[in-house]
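One structure below.
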2 protein chains.
Amino acid sequence: MAQNNQIKNDAITRQEDDFAQWYTDVCRKAELMDYSSVKGFIIYRPYGYAIWEEIQNYLNKRFKETGHQNVYMPTVIPESLLQKEKDHVEGFAPECLIANIGGGQKIDDPLIIRPTSETLFCEHYAKIISSYRDLPKLYNQWCSVVRWEKTTRPFLRGAEFLWQEGHTMHETEEEARTEALKMLEIYDDLGRDILAVPFSKGRKTDKEKFAGALETYSIEALMPDGKALQSGTTHYFGTGFAQAFGIKFQGRDGKLYNPHQTSWGVSTRLLGAIIMVHGDDNGLVLPPYVAPIQAVVIPVAQQKPGVIPAARELEKLLKDAGVRVKLDESDKTPGWKYSEYEMKGVPLRIEIGPRDIEAGVVTIAVRHDGRKITVKKEEMVDTVIQLFKQVHQEMYEKACAYLLDHTTEVTNMDEFNKAMEKGGYAKMMWCGDEACENKIKELTTATARCIPFNQMPFAETCPVCGKKAKKVVLFAKAY
Amino acid sequence: MAQNNQIKNDAITRQEDDFAQWYTDVCRKAELMDYSSVKGFIIYRPYGYAIWEEIQNYLNKRFKETGHQNVYMPTVIPESLLQKEKDHVEGFAPECLIANIGGGQKIDDPLIIRPTSETLFCEHYAKIISSYRDLPKLYNQWCSVVRWEKTTRPFLRGAEFLWQEGHTMHETEEEARTEALKMLEIYDDLGRDILAVPFSKGRKTDKEKFAGALETYSIEALMPDGKALQSGTTHYFGTGFAQAFGIKFQGRDGKLYNPHQTSWGVSTRLLGAIIMVHGDDNGLVLPPYVAPIQAVVIPVAQQKPGVIPAARELEKLLKDAGVRVKLDESDKTPGWKYSEYEMKGVPLRIEIGPRDIEAGVVTIAVRHDGRKITVKKEEMVDTVIQLFKQVHQEMYEKACAYLLDHTTEVTNMDEFNKAMEKGGYAKMMWCGDEACENKIKELTTATARCIPFNQMPFAETCPVCGKKAKKVVLFAKAY
């Protein structure tokens, strides 16, 4: 770290003073979102939406490479259709938004604004699947869903949010289970490759499973306030929906079978993970590969001859190299601009003024650690590309270190409580009994986040009941 | 045309027998869409959705180049908010889908599932615009909208359709008017560059304007059944909404002003235009630059040694050249595959069998005119790229010729009626009186499609009332 140029930005609450308020402040001051007049329905402003578009670009590429196709299903589900799968409707009925007037007339079978689209996909699949030759069907949809939540927070829990939902049908159980795990890997890659967020991967306990699923897998991220954020899930449904919706195919032996189903999704909740994992008291800090603006060029003393042309040349050099660059020529002061792009978490700020021009150099300020470096103009592009890689790696490693430091193995309830006080995960050997899960929730408000794939047993008994322990489970308070 | 290999595909109705049925047959048999259980809400199947994605890619690039930013607004509009602009609510109230139960509770201010988002954008703009420095705001949204229509047809008129809606705010009237015309040009370019559909551009009459707009411009496409299809519109709103929503900015002179507003949109209706303008009795015919699959490789006698590897090599060569290519290795017969990809309108089919391999050649069949050509394998990639350009141009010129042939200058109602019998546009000099527009609609069901920008007066009097004619107008029956 050469020079540290970080100045406290007074526009937002400090993390240590009130983390929740800091979060909301960043969401608004970084112009990621705004509130609408309907509670829980937010406006995704250009800067916030552009982050989502980068996530979409990454995932669309990965989804298509793995044979998936995008589709679009209706935005409404007839109430009678949602009721076809019993567990599913029980899970979603309490938070449905229901339309029952169309063109001034009462609608006989009320329409639910989709909270998730399993039922719509199943209705369609029943029509287009008849032979093993029609399988697999690997569909994905980008859309918004509506869930009438009482308590809402920007990106984390909303009455409406943006997501993708994959819905697939397979000939065999094995293939479907593989699909559910494969998609979880892609979500994990997303975190490692562009979000710089390490996820804990695992299976959900029966209590925490998705409504109607036989198996739910999740990626969980750990926030700096010690709470876990479920960031994506994949589900294996078995043939339950297929039976309820009459989806059958003629197998290779000529007999009729129900196909095996999966679904999987990530949402704009990921923006919440990025904001919290990387943000600081100066605002947002974006990892370079998901940042809509990767570098901002700020002319210093821009009224002096030659400065604007020099700044434009830097912009062009970076643009030609494929960098998402912005040149800010507005008449605000450089100091004002520095604060603004710090708040917006732009990874690199490139300053150019008369003295830099004379010396043939530019100054690069790195958002996440405040360091400043001066390089020759000819070396700027290579340095910037190199810095993206380095900054991404540093941000990822920092988040990994926090995760490791806040994952505590516990063997009794005393240790459990201490782990909760510290914040993060209590890694516990669990007997497998839902009663113990309930007891923990009652005593600590923590829930089982996942049964990690990486099982390394370290104790013999369940800290709650003292019976034989079977599985390593990560417990945490959660969003 | 070297060899003509077109065979009547019995799966669909012939155009001359029943054009409307032919259209629906193509929509379904080409697997573009399917019906859901709610009337008017269709399923955009992968192949149909992929065409929309190509349109999105083209437009997103053009929108971003011209300084526009994507956002996402809520899917619901409180009834009270929609009512703020009088003309607007009158236009949309009859076709609203209204939700009034959320989480089991009655909602006091019922929520309308957005039919269009002017009101939401205005509510937000009122919060974020305060100075001329905040202008222009150039936002666009990709989403679906819901309009409770009684009569629906796939892509042409639906209870739900996909679209983009741009909503912009400007400092001056001139800038806003320029924006509305600029976006119309981009839509026109879309037709010429990738859809191979010529549009007639012009201004709408007052009668045909959008609810709340001062000026509506449109692009109109002519269908082979002689009916016009409104394919995109742009609107200049003046300051009407801005006043209704209290949007004000401090101008350069320190005084307060209302900004000038535009909106503009195209929808999945464009798929209807592509289907009808280019389709034939064998199904869909896609112009190359909007085709999700631009070329399909079909191995002939694929069980023979060397055929599949040779076909895969062709696939790789084309893929490496950036062609959207598909290799069909399935165990269906080549004849079956030919019909399938003809139905799907794939521009080029590339056949490779043992004799071709021996001779070092491939056979290319061109969908739109049935011609077949044989080229050396080494020349395949260049030929394919060249053919895309040529095929696109031929399809565009064919559509232009049809448009020209079906635009008839009329100077009296007898000629008007004959033009309607022939199908297409009656190009008429109009007095400007809405009574004459109404009279024409009453007598012929035709409506004023647009007042073309290219005004070449050719008569003195209005054919309806005999008064002095002022403007050239294109009338037609329309979808």
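Letters A, B, ... go to the chains of the structure tokens in the order shown; residues in each chain start at 1; ligands are counted from 1 in the same order.
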
Residues within 9 Å of stretch 100-114 of chain B, please, as a PyMOL selection string. Count only C-alpha atoms; anything in the same chain fewer than 6 positions from it doesn't count. (chain A and resi 38+93-101+113+147-150) or (chain B and resi 74-80+82+144-147)

I need the strand (DSSP E) residues of stretch 166-238 of chain A per DSSP on the backbone, written as a VMD selection string. chain A and resid 166 to 170 200 to 203 215 to 222 228 to 238

Hey, can you spit out that residue selection with N, CA and C atoms as a PDB file, in the first residue's frame?
```pdb
ATOM      1  N   GLY A 166     -34.556 -22.009 -13.106  1.00  0.00           N
ATOM      2  CA  GLY A 166     -34.387 -23.136 -14.016  1.00  0.00           C
ATOM      3  C   GLY A 166     -35.352 -24.241 -13.609  1.00  0.00           C
ATOM      4  N   HIS A 167     -35.951 -24.892 -14.592  1.00  0.00           N
ATOM      5  CA  HIS A 167     -36.874 -26.002 -14.325  1.00  0.00           C
ATOM      6  C   HIS A 167     -36.564 -27.100 -15.330  1.00  0.00           C
ATOM      7  N   THR A 168     -36.100 -28.244 -14.827  1.00  0.00           N
ATOM      8  CA  THR A 168     -35.668 -29.278 -15.766  1.00  0.00           C
ATOM      9  C   THR A 168     -36.353 -30.609 -15.496  1.00  0.00           C
ATOM     10  N   MET A 169     -36.467 -31.421 -16.544  1.00  0.00           N
ATOM     11  CA  MET A 169     -37.073 -32.751 -16.466  1.00  0.00           C
ATOM     12  C   MET A 169     -36.098 -33.773 -17.036  1.00  0.00           C
ATOM     13  N   HIS A 170     -35.986 -34.897 -16.330  1.00  0.00           N
ATOM     14  CA  HIS A 170     -34.981 -35.892 -16.687  1.00  0.00           C
ATOM     15  C   HIS A 170     -35.557 -37.301 -16.700  1.00  0.00           C
ATOM     16  N   SER A 200     -20.639 -21.189   1.176  1.00  0.00           N
ATOM     17  CA  SER A 200     -20.643 -22.518   1.788  1.00  0.00           C
ATOM     18  C   SER A 200     -21.735 -23.307   1.095  1.00  0.00           C
ATOM     19  N   LYS A 201     -21.358 -24.479   0.571  1.00  0.00           N
ATOM     20  CA  LYS A 201     -22.301 -25.285  -0.193  1.00  0.00           C
ATOM     21  C   LYS A 201     -22.745 -26.480   0.605  1.00  0.00           C
ATOM     22  N   GLY A 202     -24.007 -26.819   0.485  1.00  0.00           N
ATOM     23  CA  GLY A 202     -24.439 -28.039   1.160  1.00  0.00           C
ATOM     24  C   GLY A 202     -25.898 -28.327   0.926  1.00  0.00           C
ATOM     25  N   ARG A 203     -26.383 -29.304   1.674  1.00  0.00           N
ATOM     26  CA  ARG A 203     -27.744 -29.768   1.570  1.00  0.00           C
ATOM     27  C   ARG A 203     -28.540 -29.131   2.699  1.00  0.00           C
ATOM     28  N   GLU A 215     -35.127 -32.705  -1.987  1.00  0.00           N
ATOM     29  CA  GLU A 215     -33.771 -32.317  -1.594  1.00  0.00           C
ATOM     30  C   GLU A 215     -33.571 -30.870  -2.005  1.00  0.00           C
ATOM     31  N   THR A 216     -33.077 -30.071  -1.089  1.00  0.00           N
ATOM     32  CA  THR A 216     -32.698 -28.701  -1.450  1.00  0.00           C
ATOM     33  C   THR A 216     -31.229 -28.503  -1.121  1.00  0.00           C
ATOM     34  N   TYR A 217     -30.502 -27.942  -2.094  1.00  0.00           N
ATOM     35  CA  TYR A 217     -29.101 -27.579  -1.879  1.00  0.00           C
ATOM     36  C   TYR A 217     -29.005 -26.065  -1.876  1.00  0.00           C
ATOM     37  N   SER A 218     -28.047 -25.540  -1.144  1.00  0.00           N
ATOM     38  CA  SER A 218     -27.929 -24.071  -1.153  1.00  0.00           C
ATOM     39  C   SER A 218     -26.494 -23.610  -1.116  1.00  0.00           C
ATOM     40  N   ILE A 219     -26.323 -22.366  -1.549  1.00  0.00           N
ATOM     41  CA  ILE A 219     -25.064 -21.660  -1.312  1.00  0.00           C
ATOM     42  C   ILE A 219     -25.393 -20.580  -0.288  1.00  0.00           C
ATOM     43  N   GLU A 220     -24.539 -20.502   0.734  1.00  0.00           N
ATOM     44  CA  GLU A 220     -24.748 -19.552   1.824  1.00  0.00           C
ATOM     45  C   GLU A 220     -23.527 -18.641   1.909  1.00  0.00           C
ATOM     46  N   ALA A 221     -23.798 -17.355   2.029  1.00  0.00           N
ATOM     47  CA  ALA A 221     -22.692 -16.397   2.183  1.00  0.00           C
ATOM     48  C   ALA A 221     -22.745 -15.821   3.589  1.00  0.00           C
ATOM     49  N   LEU A 222     -21.568 -15.470   4.116  1.00  0.00           N
ATOM     50  CA  LEU A 222     -21.526 -14.934   5.477  1.00  0.00           C
ATOM     51  C   LEU A 222     -21.309 -13.420   5.442  1.00  0.00           C
ATOM     52  N   ALA A 228     -25.837 -15.245   8.188  1.00  0.00           N
ATOM     53  CA  ALA A 228     -25.705 -15.921   6.900  1.00  0.00           C
ATOM     54  C   ALA A 228     -26.789 -15.413   5.954  1.00  0.00           C
ATOM     55  N   LEU A 229     -26.450 -15.417   4.660  1.00  0.00           N
ATOM     56  CA  LEU A 229     -27.413 -15.016   3.642  1.00  0.00           C
ATOM     57  C   LEU A 229     -27.534 -16.154   2.628  1.00  0.00           C
ATOM     58  N   GLN A 230     -28.699 -16.802   2.613  1.00  0.00           N
ATOM     59  CA  GLN A 230     -28.940 -17.839   1.605  1.00  0.00           C
ATOM     60  C   GLN A 230     -28.946 -17.148   0.250  1.00  0.00           C
ATOM     61  N   SER A 231     -28.023 -17.576  -0.637  1.00  0.00           N
ATOM     62  CA  SER A 231     -27.790 -16.800  -1.859  1.00  0.00           C
ATOM     63  C   SER A 231     -28.226 -17.498  -3.130  1.00  0.00           C
ATOM     64  N   GLY A 232     -28.622 -18.744  -3.021  1.00  0.00           N
ATOM     65  CA  GLY A 232     -29.078 -19.479  -4.187  1.00  0.00           C
ATOM     66  C   GLY A 232     -29.446 -20.880  -3.762  1.00  0.00           C
ATOM     67  N   THR A 233     -30.417 -21.481  -4.444  1.00  0.00           N
ATOM     68  CA  THR A 233     -30.797 -22.839  -4.088  1.00  0.00           C
ATOM     69  C   THR A 233     -31.026 -23.668  -5.348  1.00  0.00           C
ATOM     70  N   THR A 234     -30.814 -24.974  -5.221  1.00  0.00           N
ATOM     71  CA  THR A 234     -31.200 -25.902  -6.283  1.00  0.00           C
ATOM     72  C   THR A 234     -31.978 -27.022  -5.611  1.00  0.00           C
ATOM     73  N   HIS A 235     -32.958 -27.556  -6.326  1.00  0.00           N
ATOM     74  CA  HIS A 235     -33.846 -28.551  -5.726  1.00  0.00           C
ATOM     75  C   HIS A 235     -33.982 -29.789  -6.599  1.00  0.00           C
ATOM     76  N   TYR A 236     -34.050 -30.927  -5.939  1.00  0.00           N
ATOM     77  CA  TYR A 236     -34.430 -32.169  -6.619  1.00  0.00           C
ATOM     78  C   TYR A 236     -35.823 -32.520  -6.120  1.00  0.00           C
ATOM     79  N   PHE A 237     -36.776 -32.650  -7.062  1.00  0.00           N
ATOM     80  CA  PHE A 237     -38.178 -32.853  -6.685  1.00  0.00           C
ATOM     81  C   PHE A 237     -38.626 -34.304  -6.739  1.00  0.00           C
ATOM     82  N   GLY A 238     -37.771 -35.200  -7.258  1.00  0.00           N
ATOM     83  CA  GLY A 238     -38.277 -36.538  -7.515  1.00  0.00           C
ATOM     84  C   GLY A 238     -39.340 -36.467  -8.594  1.00  0.00           C
TER      85      GLY A 238
END
```

Could you pull the residues within 8 Å of stretch 352-363 of chain B, counting only C-alpha atoms, minus those fewer than 5 positions along the same chain, as a compact mmCIF listing (two decimals) with C-alpha atoms, in the first residue's frame?
```txt
# COMPACT_ATOMS: atom_id res chain seq x y z
CA VAL B 297 -25.85 -29.36 -40.55
CA ILE B 298 -27.62 -32.58 -41.54
CA PRO B 299 -25.55 -35.72 -41.95
CA VAL B 300 -26.85 -38.02 -44.72
CA ALA B 301 -26.42 -41.78 -44.25
CA GLN B 302 -24.95 -40.90 -40.89
CA LYS B 304 -21.72 -44.83 -42.57
CA GLY B 306 -16.80 -40.91 -41.47
CA VAL B 307 -20.11 -39.07 -41.90
CA ALA B 310 -17.24 -34.89 -41.16
CA ALA B 311 -20.49 -33.24 -40.03
CA LYS B 372 -29.43 -25.75 -53.67
CA ILE B 373 -25.78 -25.16 -54.32
CA THR B 374 -22.73 -27.36 -54.02
CA VAL B 375 -19.44 -25.89 -52.88
CA LYS B 376 -16.00 -27.17 -51.99
CA LYS B 377 -15.61 -27.79 -48.29
CA MET B 380 -18.15 -23.43 -47.22
```

All helix (DSSP H, G or I) positions in stretch 169-332 of chain B, as a ChimeraX atom specification: /B:173-195,206-208,240-244,269-278,288-290,307-320

Non-local contacts of B:His124 (9 Å; only C-alpha atoms; under 6 positions in same chain excluded) as a PDB file with N, CA and C atoms, in the first residue's frame:
```pdb
ATOM      1  N   ASP A  34     -34.352   2.557  -5.405  1.00  0.00           N
ATOM      2  CA  ASP A  34     -35.179   3.550  -4.730  1.00  0.00           C
ATOM      3  C   ASP A  34     -36.470   2.831  -4.343  1.00  0.00           C
ATOM      4  N   TYR A  35     -37.209   3.441  -3.422  1.00  0.00           N
ATOM      5  CA  TYR A  35     -38.490   2.856  -3.048  1.00  0.00           C
ATOM      6  C   TYR A  35     -39.582   3.320  -3.999  1.00  0.00           C
ATOM      7  N   SER A  36     -40.580   2.477  -4.221  1.00  0.00           N
ATOM      8  CA  SER A  36     -41.767   2.914  -4.953  1.00  0.00           C
ATOM      9  C   SER A  36     -42.844   3.190  -3.913  1.00  0.00           C
ATOM     10  N   ILE A  43     -37.487   0.002  -6.929  1.00  0.00           N
ATOM     11  CA  ILE A  43     -37.047   0.401  -8.261  1.00  0.00           C
ATOM     12  C   ILE A  43     -35.580   0.028  -8.377  1.00  0.00           C
TER      13      ILE A  43
END
```

So which residues touch B:Ile451 within 10 Å, counting only C-alpha atoms, skipping near sequence neighbours fewer than 3 positions away, as a PDB file with N, CA and C atoms, in the first residue's frame?
```pdb
ATOM      1  N   SER B 200     -43.222   1.386 -42.828  1.00  0.00           N
ATOM      2  CA  SER B 200     -43.648   2.730 -43.210  1.00  0.00           C
ATOM      3  C   SER B 200     -43.637   3.555 -41.926  1.00  0.00           C
ATOM      4  N   LYS B 201     -42.940   4.687 -41.995  1.00  0.00           N
ATOM      5  CA  LYS B 201     -42.784   5.524 -40.805  1.00  0.00           C
ATOM      6  C   LYS B 201     -43.626   6.774 -40.926  1.00  0.00           C
ATOM      7  N   GLY B 202     -44.192   7.183 -39.822  1.00  0.00           N
ATOM      8  CA  GLY B 202     -44.927   8.438 -39.876  1.00  0.00           C
ATOM      9  C   GLY B 202     -45.524   8.798 -38.541  1.00  0.00           C
ATOM     10  N   ARG B 203     -46.378   9.826 -38.587  1.00  0.00           N
ATOM     11  CA  ARG B 203     -47.013  10.353 -37.407  1.00  0.00           C
ATOM     12  C   ARG B 203     -48.426   9.807 -37.362  1.00  0.00           C
ATOM     13  N   LYS B 204     -48.940   9.573 -36.169  1.00  0.00           N
ATOM     14  CA  LYS B 204     -50.317   9.120 -36.025  1.00  0.00           C
ATOM     15  C   LYS B 204     -51.271  10.313 -36.090  1.00  0.00           C
ATOM     16  N   THR B 205     -52.482  10.073 -36.557  1.00  0.00           N
ATOM     17  CA  THR B 205     -53.508  11.119 -36.467  1.00  0.00           C
ATOM     18  C   THR B 205     -53.910  11.254 -34.994  1.00  0.00           C
ATOM     19  N   TYR B 217     -45.614   8.592 -33.021  1.00  0.00           N
ATOM     20  CA  TYR B 217     -45.033   8.160 -34.301  1.00  0.00           C
ATOM     21  C   TYR B 217     -45.069   6.628 -34.333  1.00  0.00           C
ATOM     22  N   SER B 218     -45.173   6.072 -35.529  1.00  0.00           N
ATOM     23  CA  SER B 218     -45.187   4.605 -35.571  1.00  0.00           C
ATOM     24  C   SER B 218     -44.447   4.058 -36.768  1.00  0.00           C
ATOM     25  N   LYS B 427     -53.352   5.083 -50.186  1.00  0.00           N
ATOM     26  CA  LYS B 427     -52.612   6.319 -49.921  1.00  0.00           C
ATOM     27  C   LYS B 427     -53.516   7.459 -50.360  1.00  0.00           C
ATOM     28  N   MET B 428     -53.913   8.291 -49.421  1.00  0.00           N
ATOM     29  CA  MET B 428     -54.989   9.235 -49.678  1.00  0.00           C
ATOM     30  C   MET B 428     -54.620  10.634 -49.190  1.00  0.00           C
ATOM     31  N   MET B 429     -55.077  11.634 -49.906  1.00  0.00           N
ATOM     32  CA  MET B 429     -54.927  13.015 -49.443  1.00  0.00           C
ATOM     33  C   MET B 429     -56.113  13.322 -48.535  1.00  0.00           C
ATOM     34  N   TRP B 430     -55.793  13.726 -47.290  1.00  0.00           N
ATOM     35  CA  TRP B 430     -56.833  13.871 -46.264  1.00  0.00           C
ATOM     36  C   TRP B 430     -56.989  15.337 -45.863  1.00  0.00           C
ATOM     37  N   ALA B 448     -56.513   5.094 -40.265  1.00  0.00           N
ATOM     38  CA  ALA B 448     -55.312   5.845 -40.654  1.00  0.00           C
ATOM     39  C   ALA B 448     -54.126   5.212 -39.947  1.00  0.00           C
ATOM     40  N   ASN B 454     -42.522  11.112 -45.464  1.00  0.00           N
ATOM     41  CA  ASN B 454     -42.259  11.408 -46.859  1.00  0.00           C
ATOM     42  C   ASN B 454     -43.565  11.837 -47.523  1.00  0.00           C
ATOM     43  N   GLN B 455     -43.880  13.139 -47.480  1.00  0.00           N
ATOM     44  CA  GLN B 455     -45.143  13.676 -48.002  1.00  0.00           C
ATOM     45  C   GLN B 455     -44.980  14.082 -49.465  1.00  0.00           C
ATOM     46  N   LYS B 471     -52.961  16.538 -46.101  1.00  0.00           N
ATOM     47  CA  LYS B 471     -51.857  15.623 -45.813  1.00  0.00           C
ATOM     48  C   LYS B 471     -52.033  14.300 -46.531  1.00  0.00           C
ATOM     49  N   VAL B 472     -50.920  13.690 -46.882  1.00  0.00           N
ATOM     50  CA  VAL B 472     -50.950  12.321 -47.403  1.00  0.00           C
ATOM     51  C   VAL B 472     -51.050  11.379 -46.194  1.00  0.00           C
ATOM     52  N   VAL B 473     -52.014  10.467 -46.239  1.00  0.00           N
ATOM     53  CA  VAL B 473     -52.186   9.515 -45.140  1.00  0.00           C
ATOM     54  C   VAL B 473     -52.259   8.101 -45.710  1.00  0.00           C
ATOM     55  N   LEU B 474     -51.645   7.146 -44.981  1.00  0.00           N
ATOM     56  CA  LEU B 474     -51.787   5.738 -45.358  1.00  0.00           C
ATOM     57  C   LEU B 474     -52.925   5.131 -44.549  1.00  0.00           C
ATOM     58  N   PHE B 475     -53.966   4.695 -45.255  1.00  0.00           N
ATOM     59  CA  PHE B 475     -55.055   3.974 -44.603  1.00  0.00           C
ATOM     60  C   PHE B 475     -54.914   2.480 -44.907  1.00  0.00           C
TER      61      PHE B 475
END
```

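Here the question is which of A:Val266, A:Ile55, A:Ile129, A:Val71 gets nearest to chain B using only C-alpha atoms, and that residue is A:Val71.
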
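Proximity of A:Leu32, A:Leu270, A:Met420, A:Met73 to chain B, computed with only C-alpha atoms, is greatest for A:Met73.
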
Skip stretch 316-326 of chain A itself and residues of its chain fewer than 4 positions away, then list as a PDB file with C-alpha atoms, in the first residue's frame all residues within 6 Å of it, counting only C-alpha atoms.
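Result file follows (part.pdb):
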```pdb
ATOM      1  CA  ILE A 293     -17.954   0.786 -14.298  1.00  0.00           C
ATOM      2  CA  GLN A 294     -14.586  -0.899 -13.782  1.00  0.00           C
ATOM      3  CA  ALA A 295     -12.502   2.259 -13.958  1.00  0.00           C
ATOM      4  CA  VAL A 296     -13.387   5.934 -13.857  1.00  0.00           C
TER       5      VAL A 296
END
```

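Among A:Lys207, A:Pro224, A:Leu190, A:Thr268, the residue with the shortest atom-to-atom distance to chain B, counting only C-alpha atoms, is A:Thr268.
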
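Distance-wise, atom CA of B:Tyr257 and atom CA of A:Glu329 end up 25.3 Å apart.
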
Excluding A:Ala126 and any residue of its chain fewer than 5 positions from it, enumerate the residues within 9 Å of it, using only C-alpha atoms, and give them as number ranges by chain. A: 121, 242, 245-248

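Taking atom CA of A:Thr411 and atom CA of A:Met456 as the two end points, the separation is 13.7 Å.
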